[in-house]
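Asks: Take this structure first; my questions come after.
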Amino acid sequence: MRKARAKKRPLLPDPKFGETIVTRFVNSMMYSGGKQKAYGIFYDALEIVQKRTEQDGLETWKKALNNVMPNVEVRSRRVGGATFQIPQEIRPERKVALGIKWLIGYARSRNEKSMANKLAAEIVAAAKEEGSAFKKKEDVHRMAEANKAYSHFRF
């Protein structure tokens with residue numbers, strides 16, 4: 001590493017709930033700077049979630065995000081000409097980033113009408129520990145479990 005690491009920029013909390021993690025989610029969701037539109041989609045999705053589950057939308061979203069965040073992942077490492085998949089713990093920042101990325105990605109690939117409906121459906125599914133994003137987490141954990149024999153190659 002030649003230069004100092006870039007400093008973490010502080011995130012402003014979102015206008016409705018005052019949570020920085022919501023801002024982080026919305027920043028990941030927006031395309032080419034459409035932040036107000038992204039906030040609108042997110043808040044609409046939370047309202048839909050609240051109607052469907054009759055629970056607080058933000059709490060359901062937080063539960064869904066926690067259900068989707070992985071604890072371990074596999075990383076490739078070359079040892080003696082062979083490449084091994086080595087399971088490693090994930091640092092907290094990356095856990096959140098992966099959870100957000102998977103929730104948004106799998107919401108986009110759903111077949112509902114609007115993005116708010118897609119996101120709401122994925123949030124409800126993840127909160128119930130089902131859906132594509134939760135399945136992705138399970139697959140990552142299964143892969144790490146299958147390769148735990150190589151964990152002694154960790155650097």
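Ordering of the structure tokens sets the chain letters (A, B, ...), residue numbers begin anew at 1 in every chain, and ligands are numbered from 1 in the order given.
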Leaving out Pro87 in chain A and any residue of its chain fewer than 3 positions from it, which residues lie within 7 Å of it when counting only C-alpha atoms, given as JSON, numbers by chain?
Replies: {"A": [72, 73, 74, 75, 144, 147, 148, 151]}
Asks: Contacts of Ala133 in chain A at 8 Å or less, counting only C-alpha atoms, minus same-chain residues fewer than 6 places along, as a PyMOL selection string?
Replies: chain A and resi 68+99+102-103+106+122+126
Asks: Give me a file of those residues, with N, CA and C atoms, as a PDB file, in the first residue's frame.
Replies:
```
ATOM      1  N   VAL A  68     -30.333 -11.312   5.987  1.00  0.00           N
ATOM      2  CA  VAL A  68     -29.637 -11.474   4.714  1.00  0.00           C
ATOM      3  C   VAL A  68     -28.115 -11.317   4.863  1.00  0.00           C
ATOM      4  N   GLY A  99     -25.306  -7.456   2.388  1.00  0.00           N
ATOM      5  CA  GLY A  99     -26.745  -7.588   2.644  1.00  0.00           C
ATOM      6  C   GLY A  99     -27.553  -6.607   1.819  1.00  0.00           C
ATOM      7  N   TRP A 102     -27.370  -7.540  -1.977  1.00  0.00           N
ATOM      8  CA  TRP A 102     -28.201  -8.692  -2.323  1.00  0.00           C
ATOM      9  C   TRP A 102     -29.678  -8.350  -2.276  1.00  0.00           C
ATOM     10  N   LEU A 103     -30.124  -7.622  -1.245  1.00  0.00           N
ATOM     11  CA  LEU A 103     -31.545  -7.246  -1.157  1.00  0.00           C
ATOM     12  C   LEU A 103     -31.971  -6.449  -2.391  1.00  0.00           C
ATOM     13  N   TYR A 106     -31.689  -8.672  -5.824  1.00  0.00           N
ATOM     14  CA  TYR A 106     -32.748  -9.659  -6.009  1.00  0.00           C
ATOM     15  C   TYR A 106     -34.132  -9.016  -6.067  1.00  0.00           C
ATOM     16  N   GLU A 122     -39.457  -8.424  -1.572  1.00  0.00           N
ATOM     17  CA  GLU A 122     -38.171  -9.015  -1.163  1.00  0.00           C
ATOM     18  C   GLU A 122     -37.920  -8.805   0.328  1.00  0.00           C
ATOM     19  N   ALA A 126     -37.487 -11.794   2.961  1.00  0.00           N
ATOM     20  CA  ALA A 126     -36.251 -11.899   3.749  1.00  0.00           C
ATOM     21  C   ALA A 126     -36.548 -11.868   5.249  1.00  0.00           C
TER      22      ALA A 126
END
```
Asks: Between A:Val79, A:Ala125, A:Val26, A:Met69, which has the minimum distance to Glu93 in chain A (counting only C-alpha atoms)?
Replies: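 Of the candidates, the smallest distance to Glu93 in chain A is held by A:Met69.
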Asks: Can you work out the spacing between CA of Ile48 in chain A and CA of Asn117 in chain A in Å, to one decimal?
Replies: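 Separation of CA of Ile48 in chain A and CA of Asn117 in chain A: 7.2 Å.
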Asks: Nearest to Gly131 in chain A among A:Phe25, A:Ala64, A:Arg78, A:Met143, with distances taken over only C-alpha atoms: which residue is it?
Replies: A:Ala64
Asks: In chain A, what's strand (DSSP E or B) per DSSP? Answer as a list in words?
Replies: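 Going through chain A, the strand (DSSP E or B) residues come out as Val72, Glu73, Val74, Arg75, Ser76, Arg77, Arg78, Val79, Ala82, Thr83, Phe84, Gln85, Ile86, Pro87, Gln88 and Glu89 of chain A.
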Asks: From a DSSP calculation on the backbone, collect every residue of chain A in helix (DSSP H, G or I) and output the set as a PyMOL selection string.
Replies: chain A and resi 20-29+35-53+57-68+92-108+115-127+132-146+148-153
Asks: Pick out the residues sitting within 12 Å of Leu58 in chain A, and hand them over as a ChimeraX atom specification; count only C-alpha atoms, and ignore anything fewer than 3 positions along from it in its own chain.
Replies: /A:16-19,21-22,42-50,53-55,61-65,120,123-124,127
Asks: Please determine, counting only C-alpha atoms, which residue among A:Gln36, A:Asn71, A:Ser28, A:Thr60 has the shortest atom-to-atom distance to Ala97 in chain A.
Replies: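 Looking only at the distances to Ala97 in chain A, the closest residue turns out to be A:Ser28.
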Asks: In Å, how far is it from CA of Thr23 in chain A to CA of Tyr39 in chain A?
Replies: 8.5 Å
Asks: Quote the spacing between CA of Leu119 in chain A and CA of Asp14 in chain A in Å to one decimal place.
Replies: 18.0 Å
Asks: My list of candidates is A:Leu98, A:Ala146, A:Ile104, A:Ala4. Which is closest to Ile41 in chain A when distances are computed with only C-alpha atoms?
Replies: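 The shortest atom-to-atom distance to Ile41 in chain A comes from A:Ile104.
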